[in-house]
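*Asks:* Before I ask anything, here is the structure I am working with.
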Amino acid sequence: MKNTKTFTLTAMFLAILLLLSAVPFLGFIPIGPINATTMHIPVIIASIVLGPRIGAFLGGVFGIISMVRSTIIVSPLSFVFSPFIPVIGTDQGSWKAIIIAMVPRILIGIVPYFVYMGLKKVTKNRPTSQTISLFIAGFLGSATNTILVMNLIYFLFKDSYAQGMGVSVTAVYATILSIIFTSGIVEAIVAAIATVAVTSVLLRLVKNNATQKL
């Protein structure tokens with residue numbers, strides 16, 4: 001029964017990811033040359049409810065969707081997420097794009113679980129602290145994605161990214177920091193609020209279901 005419940009919830013989160021990716025301006029929201037996203041939210045929630053293994057799996061799906069989308073819908077910065085899009089200044093793509101597309105997204109499915117479980121231990125699992133723990137886990141899960149993606153872009157594609165953004169190489173990190181502290185913060189707050197609203201309900205349902213089985 002537990003495996004059936006886990007499979008059902010995993011399928012539900014997977015369907016949500018596919019829906020978000022398919023509906024324009026829902027999963028990926030264009031903001032100039034970059035995209036804000038809501039794709040990380042179901043991954044964060046799944047991480048807390050179903051654990052880091054399934055969370056990492058769904059994060060990997062998010063990464064694959066990101067690569068496919070960047071390959072099909074080409075933008076000036078598609079090369080940082082798709083190894084099939086030529087890097088600016090070259091005639092071929094780079095395998096480094098796979099690292100940027102996959103690693104941060106997989107970690108979105110791992111970090112929130114351990115943050116939440118760690119905070120539960122620190123607060124001794126007080127019911128009143130659950131909201132705060134979920135908010136912090138959701139916020140840090142989203143921040144993990146933004147901070148890692150933007151910094152990996154800097155370390156792996158700094159010169160090409162500067163050309164794509166139309167800024168000087170010396171101004172690249174300032175541009176990255178501005179993205180982290182503007183759209184990145186907004187994404188993290190939205191993810192944190194959604195995590196509190198949805199995860200608290202799912203955790204209650206899972207707990208009640210387990211109690212009824214006993």
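Ordering of the structure tokens sets the chain letters (A, B, ...), residue numbers begin anew at 1 in every chain, and ligands are numbered from 1 in the order given.
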Among the residues of chain A, find those DSSP assigns to strand (DSSP E or B) from the backbone and print them as a list of chain:residue names.
*Replies:* A:Phe28, A:Ile29, A:Pro30, A:Ile31, A:Ile34, A:Asn35, A:Ala36, A:Thr37
*Asks:* Find the spatial neighbours of Leu119 of chain A, counting only C-alpha atoms, within a cut-off of 10 Å - ignore same-chain residues fewer than 3 positions away - and output them as JSON, numbers by chain.
*Replies:* {"A": [113, 114, 115, 116, 122, 123, 124, 125, 129, 130, 132, 133, 134, 136, 137]}
*Asks:* Rounded to one decimal in Å, what is the spacing between atom CA of Gly166 of chain A and atom CA of Tyr154 of chain A?
*Replies:*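 Answer for the atom CA of Gly166 of chain A to atom CA of Tyr154 of chain A separation: 14.4 Å.
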*Asks:* Which residue is closest to Pro86 of chain A? Choose from A:Thr38, A:Ser178, A:Lys121, A:Phe157 and count only C-alpha atoms.
*Replies:*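 Smallest distance to Pro86 of chain A is found for A:Phe157.
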*Asks:* In terms of the shortest atom-to-atom distance over only C-alpha atoms, which of A:Arg105, A:Lys5, A:Lys158, A:Arg69 is closest to Ile41 of chain A?
*Replies:*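 Result for the nearest residue to Ile41 of chain A: A:Arg105.
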*Asks:* At a cut-off of 12 Å, using only C-alpha atoms, what residues contact Met102 of chain A? Leave out same-chain residues fewer than 2 positions from it and give the result as a ChimeraX atom specification.
*Replies:* /A:56-68,80-83,95-100,104-109,145,148-149,152
*Asks:* Using N, CA and C atoms, can you export the residues from the last selection as an mmCIF file, in the first residue's frame?
*Replies:*
```
data_model
loop_
_atom_site.group_PDB
_atom_site.id
_atom_site.type_symbol
_atom_site.label_atom_id
_atom_site.label_comp_id
_atom_site.auth_asym_id
_atom_site.auth_seq_id
_atom_site.Cartn_x
_atom_site.Cartn_y
_atom_site.Cartn_z
ATOM 1 N N ALA A 56 15.085 13.783 -6.097
ATOM 2 C CA ALA A 56 16.196 13.878 -7.048
ATOM 3 C C ALA A 56 15.769 13.407 -8.437
ATOM 4 N N PHE A 57 14.959 12.349 -8.485
ATOM 5 C CA PHE A 57 14.441 11.851 -9.767
ATOM 6 C C PHE A 57 13.625 12.928 -10.476
ATOM 7 N N LEU A 58 12.709 13.551 -9.739
ATOM 8 C CA LEU A 58 11.873 14.595 -10.335
ATOM 9 C C LEU A 58 12.705 15.823 -10.703
ATOM 10 N N GLY A 59 13.717 16.119 -9.896
ATOM 11 C CA GLY A 59 14.628 17.204 -10.250
ATOM 12 C C GLY A 59 15.362 16.903 -11.540
ATOM 13 N N GLY A 60 15.741 15.641 -11.712
ATOM 14 C CA GLY A 60 16.387 15.239 -12.961
ATOM 15 C C GLY A 60 15.455 15.386 -14.152
ATOM 16 N N VAL A 61 14.165 15.078 -13.943
ATOM 17 C CA VAL A 61 13.177 15.270 -15.009
ATOM 18 C C VAL A 61 13.083 16.750 -15.368
ATOM 19 N N PHE A 62 13.071 17.605 -14.351
ATOM 20 C CA PHE A 62 13.069 19.049 -14.573
ATOM 21 C C PHE A 62 14.277 19.450 -15.416
ATOM 22 N N GLY A 63 15.438 18.906 -15.104
ATOM 23 C CA GLY A 63 16.650 19.216 -15.851
ATOM 24 C C GLY A 63 16.561 18.785 -17.303
ATOM 25 N N ILE A 64 16.014 17.590 -17.527
ATOM 26 C CA ILE A 64 15.861 17.092 -18.899
ATOM 27 C C ILE A 64 14.884 17.963 -19.684
ATOM 28 N N ILE A 65 13.773 18.326 -19.040
ATOM 29 C CA ILE A 65 12.796 19.212 -19.681
ATOM 30 C C ILE A 65 13.452 20.533 -20.059
ATOM 31 N N SER A 66 14.279 21.047 -19.162
ATOM 32 C CA SER A 66 14.977 22.309 -19.418
ATOM 33 C C SER A 66 15.895 22.199 -20.630
ATOM 34 N N MET A 67 16.622 21.077 -20.743
ATOM 35 C CA MET A 67 17.507 20.870 -21.889
ATOM 36 C C MET A 67 16.717 20.778 -23.193
ATOM 37 N N VAL A 68 15.639 19.991 -23.156
ATOM 38 C CA VAL A 68 14.819 19.817 -24.361
ATOM 39 C C VAL A 68 14.222 21.148 -24.788
ATOM 40 N N VAL A 80 23.544 27.646 -22.563
ATOM 41 C CA VAL A 80 23.973 27.316 -21.194
ATOM 42 C C VAL A 80 23.191 26.137 -20.632
ATOM 43 N N PHE A 81 22.059 25.768 -21.270
ATOM 44 C CA PHE A 81 21.251 24.643 -20.809
ATOM 45 C C PHE A 81 21.200 23.485 -21.796
ATOM 46 N N SER A 82 21.558 23.735 -23.053
ATOM 47 C CA SER A 82 21.496 22.671 -24.057
ATOM 48 C C SER A 82 22.860 22.427 -24.688
ATOM 49 N N PRO A 83 23.339 21.181 -24.655
ATOM 50 C CA PRO A 83 24.619 20.864 -25.282
ATOM 51 C C PRO A 83 24.522 20.821 -26.809
ATOM 52 N N TRP A 95 29.273 20.132 -23.568
ATOM 53 C CA TRP A 95 28.755 19.181 -22.592
ATOM 54 C C TRP A 95 28.580 19.840 -21.221
ATOM 55 N N LYS A 96 29.233 20.967 -21.003
ATOM 56 C CA LYS A 96 29.116 21.660 -19.718
ATOM 57 C C LYS A 96 27.682 22.121 -19.462
ATOM 58 N N ALA A 97 26.919 22.303 -20.537
ATOM 59 C CA ALA A 97 25.518 22.710 -20.384
ATOM 60 C C ALA A 97 24.722 21.656 -19.613
ATOM 61 N N ILE A 98 25.120 20.390 -19.762
ATOM 62 C CA ILE A 98 24.421 19.310 -19.055
ATOM 63 C C ILE A 98 24.582 19.485 -17.550
ATOM 64 N N ILE A 99 25.764 19.906 -17.124
ATOM 65 C CA ILE A 99 26.010 20.127 -15.689
ATOM 66 C C ILE A 99 25.070 21.200 -15.162
ATOM 67 N N ILE A 100 24.953 22.299 -15.899
ATOM 68 C CA ILE A 100 24.105 23.411 -15.456
ATOM 69 C C ILE A 100 22.631 23.011 -15.458
ATOM 70 N N PRO A 104 22.027 21.353 -10.512
ATOM 71 C CA PRO A 104 21.215 22.156 -9.586
ATOM 72 C C PRO A 104 19.794 21.626 -9.447
ATOM 73 N N ARG A 105 19.215 21.121 -10.534
ATOM 74 C CA ARG A 105 17.828 20.651 -10.504
ATOM 75 C C ARG A 105 17.702 19.363 -9.685
ATOM 76 N N ILE A 106 18.697 18.485 -9.773
ATOM 77 C CA ILE A 106 18.687 17.279 -8.941
ATOM 78 C C ILE A 106 18.788 17.658 -7.464
ATOM 79 N N LEU A 107 19.623 18.639 -7.163
ATOM 80 C CA LEU A 107 19.790 19.074 -5.773
ATOM 81 C C LEU A 107 18.540 19.747 -5.214
ATOM 82 N N ILE A 108 17.699 20.318 -6.097
ATOM 83 C CA ILE A 108 16.420 20.864 -5.631
ATOM 84 C C ILE A 108 15.597 19.768 -4.956
ATOM 85 N N GLY A 109 15.747 18.553 -5.437
ATOM 86 C CA GLY A 109 14.997 17.433 -4.881
ATOM 87 C C GLY A 109 15.630 16.797 -3.672
ATOM 88 N N ASN A 145 18.691 26.182 -6.539
ATOM 89 C CA ASN A 145 18.632 26.191 -7.996
ATOM 90 C C ASN A 145 19.221 27.480 -8.564
ATOM 91 N N LEU A 148 23.135 28.025 -7.736
ATOM 92 C CA LEU A 148 24.020 27.091 -8.447
ATOM 93 C C LEU A 148 23.992 27.326 -9.951
ATOM 94 N N VAL A 149 22.801 27.509 -10.521
ATOM 95 C CA VAL A 149 22.711 27.738 -11.970
ATOM 96 C C VAL A 149 23.501 28.972 -12.367
ATOM 97 N N LEU A 152 27.329 28.516 -11.809
ATOM 98 C CA LEU A 152 27.897 27.593 -12.797
ATOM 99 C C LEU A 152 28.010 28.257 -14.160
#
```
*Asks:* Applying 6 Å and only C-alpha atoms, which residues near Gly141 of chain A remain after dropping the ones on its own chain fewer than 2 positions away? List them as JSON, numbers by chain.
*Replies:* {"A": [108, 111, 112, 137, 138, 139, 143, 144]}
*Asks:* Could you check how far atom CA of Ile110 of chain A sits from atom CA of Ile44 of chain A, in Å to one decimal?
*Replies:*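 Atom CA of Ile44 of chain A lies 8.2 Å from atom CA of Ile110 of chain A.
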*Asks:* I need the residue nearest Gly89 of chain A from this list: A:Pro24, A:Gly184, A:Gly55, A:Gly164. Use only C-alpha atoms for the distance.
*Replies:*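 Counting only C-alpha atoms, the residue closest to Gly89 of chain A is A:Gly164.
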*Asks:* With only C-alpha atoms as the atoms that count, which of A:Gly93, A:Pro76, A:Pro42, A:Gly118 lies nearest to Leu17 of chain A?
*Replies:* A:Pro42
*Asks:* Which residue is closest to Tyr161 of chain A? Choose from A:Thr4, A:Asn35, A:Ser78, A:Ser21 and count only C-alpha atoms.
*Replies:*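 Answer, going by the shortest atom-to-atom distance: A:Ser78.
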*Asks:* List the neighbours of Val49 of chain A out to 8 Å using only C-alpha atoms; skip same-chain residues closer than 5 positions along the sequence, and give me the result as a PyMOL selection string.
*Replies:* chain A and resi 199+202-203
*Asks:* As a list in words, please: the residues near Thr37 of chain A (cut-off 8 Å, only C-alpha atoms, same-chain neighbours under 3 positions excluded).
*Replies:*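 In the requested format, the answer is Leu26, Gly27, Phe28, Ile29, His40 and Glu187 of chain A.
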*Asks:* Any chance you can output those residues with N, CA, C and O atoms as a JSON list (two decimals), in the first residue's frame?
*Replies:*
```
[["chain", "number", "residue", "atom", "x", "y", "z"],
["A", 26, "LEU", "N", 3.73, 29.43, -17.87],
["A", 26, "LEU", "CA", 3.35, 28.84, -16.60],
["A", 26, "LEU", "C", 4.55, 28.22, -15.90],
["A", 26, "LEU", "O", 4.84, 28.54, -14.75],
["A", 27, "GLY", "N", 5.25, 27.32, -16.60],
["A", 27, "GLY", "CA", 6.44, 26.71, -16.00],
["A", 27, "GLY", "C", 7.69, 27.53, -16.22],
["A", 27, "GLY", "O", 8.56, 27.62, -15.35],
["A", 28, "PHE", "N", 7.78, 28.16, -17.41],
["A", 28, "PHE", "CA", 8.91, 29.02, -17.74],
["A", 28, "PHE", "C", 8.36, 30.39, -18.13],
["A", 28, "PHE", "O", 7.58, 30.49, -19.07],
["A", 29, "ILE", "N", 8.77, 31.41, -17.40],
["A", 29, "ILE", "CA", 8.24, 32.75, -17.61],
["A", 29, "ILE", "C", 9.35, 33.65, -18.14],
["A", 29, "ILE", "O", 10.29, 33.99, -17.41],
["A", 40, "HIS", "N", 10.40, 24.29, -10.25],
["A", 40, "HIS", "CA", 11.07, 23.76, -9.07],
["A", 40, "HIS", "C", 10.12, 23.49, -7.91],
["A", 40, "HIS", "O", 10.44, 22.72, -7.01],
["A", 187, "GLU", "N", 11.35, 34.19, -6.83],
["A", 187, "GLU", "CA", 11.09, 32.75, -7.04],
["A", 187, "GLU", "C", 11.14, 32.00, -5.72],
["A", 187, "GLU", "O", 10.31, 31.12, -5.46]]
```
*Asks:* Which residue gives the smallest distance to Ala188 of chain A among A:Val87, A:Ala22, A:Leu50, A:Ile147, with only C-alpha atoms counted?
*Replies:*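 Smallest separation from Ala188 of chain A among the options: A:Ile147.
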